[in-house]
>>> print(open('structure-v1.csv').read())   # CSV, C-alpha atoms
chain,number,residue,atom,x,y,z
A,294,MET,CA,96.6,97.3,105.1
A,295,ILE,CA,94.0,100.0,104.4
A,296,LYS,CA,93.4,100.1,100.7
A,297,THR,CA,92.8,103.4,99.1
A,298,ARG,CA,89.1,103.8,98.4
A,299,PRO,CA,88.1,104.9,94.9
A,300,ILE,CA,88.2,108.7,94.8
A,301,SER,CA,86.1,110.9,92.6
A,302,GLY,CA,85.0,114.5,92.6
A,303,ILE,CA,86.7,117.5,94.3
A,304,VAL,CA,89.5,116.7,96.7
A,305,PRO,CA,90.4,119.7,98.8
A,306,VAL,CA,94.0,120.2,99.7
A,307,ILE,CA,93.5,120.9,103.4
A,308,SER,CA,94.7,124.3,104.5
A,309,THR,CA,96.8,124.2,107.7
A,310,PRO,CA,95.4,126.8,110.2
A,311,PHE,CA,97.9,128.6,112.5
A,312,THR,CA,97.7,130.6,115.6
A,313,ASN,CA,99.3,134.0,115.8
A,314,ASP,CA,102.5,132.4,117.2
A,315,GLU,CA,102.7,129.9,114.3
A,316,ASN,CA,101.5,126.9,116.2
A,317,ILE,CA,99.1,124.5,114.7
A,318,ASP,CA,95.5,125.8,115.3
A,319,ILE,CA,93.9,122.4,116.1
A,320,ASP,CA,90.4,124.0,116.7
A,321,GLY,CA,90.7,125.7,113.3
A,322,LEU,CA,91.7,122.5,111.6
A,323,ASN,CA,88.8,120.7,113.2
A,324,ASN,CA,86.4,123.5,112.1
A,325,LEU,CA,87.7,123.2,108.5
A,326,ILE,CA,87.4,119.5,108.3
A,327,ASN,CA,83.9,119.5,109.8
A,328,TYR,CA,83.0,122.3,107.3
A,329,LEU,CA,84.2,120.2,104.4
A,330,LEU,CA,82.6,117.0,105.5
A,331,LYS,CA,79.2,118.8,105.0
A,332,LYS,CA,80.1,119.4,101.4
A,333,GLU,CA,80.1,116.9,98.4
A,334,ILE,CA,83.8,116.3,98.4
A,335,GLY,CA,85.5,113.2,97.2
A,336,GLY,CA,88.3,113.1,99.8
A,337,MET,CA,91.0,115.1,101.5
A,338,TRP,CA,94.6,115.7,100.6
A,339,VAL,CA,96.4,116.5,103.8
A,340,LEU,CA,99.9,118.0,104.2
A,341,GLY,CA,100.2,118.8,100.5
A,342,THR,CA,102.0,121.8,99.1
A,343,GLY,CA,98.9,123.9,99.4
A,344,SER,CA,98.9,122.9,103.1
A,345,GLU,CA,102.3,124.8,103.5
A,346,ASP,CA,103.9,121.4,104.4
A,347,MET,CA,107.3,122.6,103.3
A,348,ASN,CA,107.2,125.2,106.1
A,349,LEU,CA,106.3,122.8,108.8
A,350,THR,CA,108.6,120.9,111.2
A,351,PHE,CA,108.3,117.2,111.8
A,352,GLN,CA,106.4,117.7,115.1
A,353,LYS,CA,104.0,120.2,113.6
A,354,ARG,CA,103.2,117.8,110.8
A,355,LEU,CA,102.5,115.1,113.3
A,356,LYS,CA,100.0,117.4,115.0
A,357,VAL,CA,98.2,118.0,111.7
A,358,ALA,CA,98.2,114.3,110.8
A,359,ASN,CA,96.7,113.2,114.2
A,360,ALA,CA,94.1,116.0,114.3
A,361,ALA,CA,93.0,115.6,110.7
A,362,CYS,CA,92.7,111.8,110.9
A,363,GLU,CA,90.8,112.1,114.1
A,364,ALA,CA,88.4,114.7,112.8
A,365,ASN,CA,87.7,112.8,109.5
A,366,ALA,CA,87.4,109.5,111.3
A,367,GLY,CA,87.4,107.6,108.1
A,368,GLN,CA,84.4,109.4,106.7
A,369,LYS,CA,86.1,110.4,103.5
A,370,PRO,CA,89.2,109.0,101.7
A,371,LEU,CA,92.2,110.8,103.2
A,372,ILE,CA,95.7,110.8,101.7
A,373,LEU,CA,98.4,112.0,104.1
A,374,GLY,CA,101.6,113.7,103.0
A,375,THR,CA,105.0,112.6,104.0
A,376,GLY,CA,107.0,114.7,101.5
A,377,PHE,CA,110.2,115.7,103.4
A,378,PHE,CA,113.5,116.6,101.8
A,379,ALA,CA,115.3,114.0,103.8
A,380,MET,CA,114.5,110.3,103.2
A,381,GLU,CA,115.0,109.6,106.9
A,382,ASP,CA,112.2,112.0,107.8
A,383,ILE,CA,109.9,110.4,105.2
A,384,MET,CA,110.4,107.0,106.7
A,385,ASN,CA,110.2,108.2,110.3
A,386,PHE,CA,107.0,110.1,109.6
A,387,ILE,CA,105.5,106.9,108.2
A,388,LYS,CA,106.5,105.0,111.3
A,389,GLU,CA,104.9,107.7,113.6
A,390,THR,CA,101.6,107.9,111.7
A,391,SER,CA,100.9,104.4,110.2
A,392,HIS,CA,98.5,103.6,113.1
A,393,LEU,CA,96.2,106.4,112.1
A,394,ASP,CA,92.9,106.0,110.2
A,395,PHE,CA,93.6,107.1,106.6
A,396,ASP,CA,93.8,105.6,103.2
A,397,GLY,CA,97.4,106.2,102.0
A,398,TYR,CA,100.4,108.4,101.9
A,399,HIS,CA,101.4,110.9,99.2
A,400,VAL,CA,105.0,112.0,98.7
A,401,MET,CA,106.1,115.1,96.8
A,402,PRO,CA,109.9,114.7,96.1
A,403,TYR,CA,111.3,118.1,96.9
A,404,HIS,CA,114.3,117.5,94.8
A,405,PRO,CA,114.1,119.4,91.5
A,406,LEU,CA,117.4,118.3,90.2
A,407,LEU,CA,117.2,114.5,90.8
A,408,SER,CA,117.1,112.5,87.6
A,409,LEU,CA,114.1,110.4,86.7
A,410,GLU,CA,116.1,107.3,87.4
A,411,ARG,CA,116.7,108.4,91.0
A,412,LEU,CA,113.0,109.5,91.4
A,413,GLU,CA,112.0,106.0,90.3
A,414,TRP,CA,114.4,104.5,92.9
A,415,PHE,CA,112.9,107.0,95.4
A,416,TYR,CA,109.3,105.9,95.0
A,417,ILE,CA,110.1,102.2,94.8
A,418,LYS,CA,112.2,102.5,98.0
A,419,ILE,CA,109.3,104.0,99.9
A,420,ALA,CA,106.6,101.8,98.4
A,421,ASP,CA,108.5,98.6,99.2
A,422,SER,CA,108.5,99.4,103.0
A,423,CYS,CA,105.4,101.5,103.3
A,424,PRO,CA,102.6,99.9,105.4
A,425,LYS,CA,99.9,101.7,103.5
A,426,PRO,CA,99.4,102.4,99.8
A,427,LEU,CA,101.6,105.1,98.3
A,428,TRP,CA,100.6,107.9,96.0
A,429,MET,CA,103.1,109.6,93.7
A,430,TYR,CA,102.7,113.4,93.6
A,431,THR,CA,104.2,115.5,90.9
A,432,SER,CA,104.2,119.2,90.0
A,433,GLY,CA,106.7,121.1,87.8
A,434,ASN,CA,106.6,123.8,90.4
A,435,TRP,CA,108.3,121.7,93.0
A,436,SER,CA,110.1,118.7,91.4
A,437,ARG,CA,111.3,117.4,88.0
A,438,PRO,CA,108.3,116.8,85.8
A,439,ILE,CA,107.8,113.0,85.4
A,440,THR,CA,107.0,111.4,82.1
A,441,VAL,CA,104.0,109.3,81.0
A,442,ASP,CA,106.3,106.3,80.7
A,443,PHE,CA,107.6,106.9,84.3
A,444,VAL,CA,104.0,106.7,85.5
A,445,ARG,CA,103.3,103.7,83.4
A,446,ARG,CA,106.2,101.8,84.8
A,447,LEU,CA,105.6,102.6,88.4
A,448,LYS,CA,101.8,101.9,88.4
A,449,SER,CA,102.6,98.2,88.2
A,450,HIS,CA,104.1,98.3,91.7
A,451,PRO,CA,101.7,96.5,94.0
A,452,ASN,CA,101.8,99.2,96.7
A,453,ILE,CA,101.6,102.3,94.5
A,454,ALA,CA,97.9,103.3,94.5
A,455,GLY,CA,97.9,106.3,92.3
A,456,ILE,CA,99.3,109.7,91.3
A,457,LYS,CA,98.4,113.3,91.8
A,458,TYR,CA,99.4,114.7,88.4
A,459,SER,CA,99.6,118.5,88.4
A,460,ASN,CA,100.5,119.5,84.9
A,461,LYS,CA,99.3,122.0,82.4
A,462,ASP,CA,100.3,120.0,79.4
A,463,ALA,CA,96.9,118.7,78.0
A,464,VAL,CA,98.5,115.9,76.0
A,465,ASN,CA,100.3,114.5,79.0
A,466,VAL,CA,97.3,114.9,81.3
A,467,THR,CA,95.2,112.9,78.8
A,468,LYS,CA,97.8,110.2,78.6
A,469,VAL,CA,98.2,109.9,82.3
A,470,ALA,CA,94.5,110.0,83.0
A,471,SER,CA,94.1,107.0,80.6
A,472,LEU,CA,96.4,104.9,82.8
A,473,ALA,CA,93.8,104.9,85.6
A,474,ASP,CA,92.2,101.5,86.3
A,475,GLU,CA,90.8,99.6,89.3
A,476,GLN,CA,94.2,99.3,90.9
A,477,PHE,CA,95.6,102.7,90.0
A,478,GLN,CA,94.0,106.1,90.4
A,479,VAL,CA,94.8,109.4,88.8
A,480,ILE,CA,93.9,112.8,90.4
A,481,THR,CA,94.6,116.0,88.5
A,482,ALA,CA,95.1,119.5,89.8
A,483,VAL,CA,95.0,123.3,89.1
A,484,ALA,CA,91.6,124.9,89.7
A,485,SER,CA,91.7,127.0,86.5
A,486,GLN,CA,91.7,123.8,84.4
A,487,LEU,CA,89.2,121.7,86.3
A,488,TYR,CA,86.8,121.5,83.4
A,489,ALA,CA,89.5,120.7,80.9
A,490,CYS,CA,90.9,117.9,83.1
A,491,LEU,CA,87.4,116.4,83.5
A,492,CYS,CA,87.1,116.4,79.7
A,493,MET,CA,90.5,114.6,79.5
A,494,GLY,CA,89.2,111.8,81.6
A,495,SER,CA,90.1,112.8,85.2
A,496,LYS,CA,87.6,111.5,87.8
A,497,ALA,CA,89.0,113.5,90.7
A,498,HIS,CA,90.6,116.9,91.0
A,499,THR,CA,92.5,118.6,93.9
A,500,SER,CA,93.0,122.2,94.8
A,501,SER,CA,93.9,124.2,97.9
A,502,LEU,CA,91.0,126.4,96.9
A,503,GLY,CA,88.9,123.4,97.7
A,504,SER,CA,89.3,124.3,101.3
A,505,ALA,CA,88.4,128.0,101.0
A,506,ILE,CA,85.7,127.9,98.2
A,507,PRO,CA,84.7,124.2,97.8
A,508,ASP,CA,81.2,125.0,96.5
A,509,GLN,CA,82.5,126.7,93.3
A,510,LEU,CA,84.6,123.7,92.3
A,511,ILE,CA,82.0,121.2,93.3
A,512,TYR,CA,79.5,123.1,91.1
A,513,VAL,CA,81.7,122.7,88.0
A,514,TYR,CA,82.2,119.0,88.7
A,515,ASN,CA,78.5,118.3,89.4
A,516,LEU,CA,77.4,120.0,86.2
A,517,PHE,CA,80.0,118.1,84.2
A,518,LYS,CA,79.0,114.8,85.8
A,519,ALA,CA,75.4,115.4,85.0
A,520,GLY,CA,76.3,115.9,81.3
A,521,ASN,CA,75.5,119.7,81.3
A,522,LEU,CA,78.7,120.5,79.5
A,523,LYS,CA,77.8,124.0,78.4
A,524,GLU,CA,76.8,125.0,81.9
A,525,ALA,CA,79.9,123.4,83.3
A,526,LEU,CA,82.1,125.3,81.0
A,527,GLY,CA,80.3,128.5,82.0
A,528,ALA,CA,80.8,127.7,85.6
A,529,GLN,CA,84.5,127.2,84.9
A,530,HIS,CA,84.6,130.6,83.4
A,531,VAL,CA,83.0,132.1,86.5
A,532,LEU,CA,85.5,130.2,88.7
A,533,ASN,CA,88.4,131.6,86.7
A,534,ASP,CA,86.9,135.1,87.2
A,535,ILE,CA,86.9,134.4,90.9
A,536,LEU,CA,90.5,133.3,90.8
A,537,ARG,CA,91.4,136.5,89.1
A,538,ASP,CA,89.5,138.7,91.5
A,539,ILE,CA,90.9,137.1,94.6
A,540,SER,CA,94.5,137.1,93.4
A,541,THR,CA,96.7,139.7,95.2
A,542,GLY,CA,100.3,140.7,95.4
A,543,ALA,CA,100.8,138.1,98.2
A,544,LYS,CA,100.8,135.3,95.6
A,545,VAL,CA,103.8,137.0,94.0
A,546,ASP,CA,105.7,136.9,97.3
A,547,ASN,CA,104.4,133.5,98.5
A,548,PHE,CA,104.0,131.7,95.2
A,549,LEU,CA,101.0,129.9,96.8
A,550,THR,CA,97.6,131.5,97.4
A,551,ALA,CA,97.7,130.5,101.1
A,552,ALA,CA,97.2,134.0,102.3
A,553,GLU,CA,94.2,134.6,100.2
A,554,GLU,CA,92.7,131.3,101.1
A,555,LYS,CA,93.3,131.8,104.8
A,556,TYR,CA,91.7,135.2,104.7
A,557,ILE,CA,88.6,133.8,103.1
A,558,LEU,CA,88.5,131.0,105.7
A,559,SER,CA,88.8,133.7,108.4
A,560,LEU,CA,85.8,135.6,106.9
A,561,LYS,CA,83.8,132.3,107.1
A,562,GLY,CA,84.8,132.1,110.8
A,563,ILE,CA,86.6,128.8,110.3
A,564,CYS,CA,90.1,129.7,111.3
A,565,GLU,CA,92.4,132.7,111.6
A,566,GLU,CA,94.2,134.3,108.6
A,567,HIS,CA,97.8,133.4,109.7
A,568,THR,CA,100.2,131.8,107.3
A,569,SER,CA,103.5,130.0,108.0
A,570,SER,CA,107.1,130.8,108.2
A,571,TYR,CA,108.3,132.4,104.9
A,572,TYR,CA,104.8,133.4,103.7
A,573,ARG,CA,103.3,136.8,104.4
A,574,GLU,CA,99.7,137.6,105.1
A,575,LEU,CA,97.5,140.0,103.2
A,576,ASN,CA,97.8,143.8,103.8
A,577,GLU,CA,94.7,145.9,104.2
A,578,SER,CA,94.3,146.8,100.5
A,579,GLU,CA,94.7,143.2,99.5
A,580,LYS,CA,92.1,142.2,102.1
A,581,MET,CA,89.7,144.7,100.6
A,582,LYS,CA,90.2,143.3,97.2
A,583,VAL,CA,89.5,139.8,98.4
A,584,LYS,CA,86.5,140.9,100.5
A,585,LYS,CA,85.0,142.6,97.4
A,586,ALA,CA,85.3,139.4,95.5
A,587,VAL,CA,83.8,137.4,98.3
A,588,GLU,CA,80.8,139.6,98.4
A,589,LYS,CA,80.5,139.8,94.6
A,590,TYR,CA,80.5,136.0,94.1
A,591,ASN,CA,78.7,135.1,97.4
A,592,LEU,CA,81.6,133.0,98.6
A,593,LEU,CA,80.8,132.8,102.3
A,594,SER,CA,78.5,129.7,102.1
>>> encode(input="structure-v1.csv", output="structure tokens")
Amino acid sequence: MIKTRPISGIVPVISTPFTNDENIDIDGLNNLINYLLKKEIGGMWVLGTGSEDMNLTFQKRLKVANAACEANAGQKPLILGTGFFAMEDIMNFIKETSHLDFDGYHVMPYHPLLSLERLEWFYIKIADSCPKPLWMYTSGNWSRPITVDFVRRLKSHPNIAGIKYSNKDAVNVTKVASLADEQFQVITAVASQLYACLCMGSKAHTSSLGSAIPDQLIYVYNLFKAGNLKEALGAQHVLNDILRDISTGAKVDNFLTAAEEKYILSLKGICEEHTSSYYRELNESEKMKVKKAVEKYNLLS
């Protein structure tokens, strides 16, 4: 069994590039991973919600998994998503990908009305048979929020390696972050609260923006790690200004910022701007807004 390596720093949620006909853009995905491997990232979160996983078929996810693992080649810790609505698909995806080179699986339970008791059964059922370490993955945007006690109980499972805890409740983030130890890791999320999560004890932070603008998140993290707290807070304020300035009406329609992130990646020459399935791309006025922000904050590095 490949154990999940310790993860610290910024962990990009890997965007999934598409061709114009909604196929997986393997060249674009390779470009993105090679681009990120040159940055000071702590790992990669593949096939997460920011990867538009909920819009991808089983076969398309297999293509992403194979290409991402091959491109990374074990260089950085890579946590691979198997968050399908059907349990059968979760288990089959694990069977089809377990031979690949990565550190563990993450599962977002796309079941917002399941009780916490059933969610506990859900994770234990998967962890008991999973050939690699399992990460829990929670966000109030997609599933029932889980409690601190829930995390405390399940962290004792020998095959549950950690949790991605995406929550804006500072009290709960602090309590969950305190549960981290040598056998159990905690990764936080939400770019606008990166500095706050670091202050609350988080050692690693994920964001889909880590694919499009990794340097700006890494800058906050590095300043904080060096003990330059005032400068880190100032960098967080700048990051929040960037988030405001690149936000468009597409996020209202898509919920995620996939369209904005893909457009920034297209400006960098990494992949095309296409989004998946339900999500729409930016219109010309929205592109102009994002392009102005890219130029203002020098985001093309």
>>> atom_distance(input="structure-v1.csv", atom1="atom CA of A:Leu532", atom2="atom CA of A:Ala484")
8.1 Å
>>> residues_around(input="structure-v1.csv", residues="A:Ser344", least_positions_apart="6", cutoff="9 Å", atoms="all atoms listed in the file", output="list in words")
Val306, Ile307, Ser308, Thr309, Pro310, Trp338, Ser501 and Ala551 of chain A
>>> atom_distance(input="structure-v1.csv", atom1="atom CA of A:Ala552", atom2="atom CA of A:Glu566")
7.0 Å
>>> residues_around(input="structure-v1.csv", residues="A:Met384", least_positions_apart="5", cutoff="10 Å", atoms="all atoms listed in the file", output="list in words")
Thr375, Gly376, Phe377, Ala379, Glu389, Lys418, Ile419, Ser422 and Cys423 of chain A
>>> axis_aligned_box(input="structure-v1.csv", around="stretch 326-338 of chain A", padding_each_side="6 Å", output="AutoDock Vina command-line options")
--center_x 86.9 --center_y 117.7 --center_z 103.5 --size_x 27.4 --size_y 21.2 --size_z 24.6
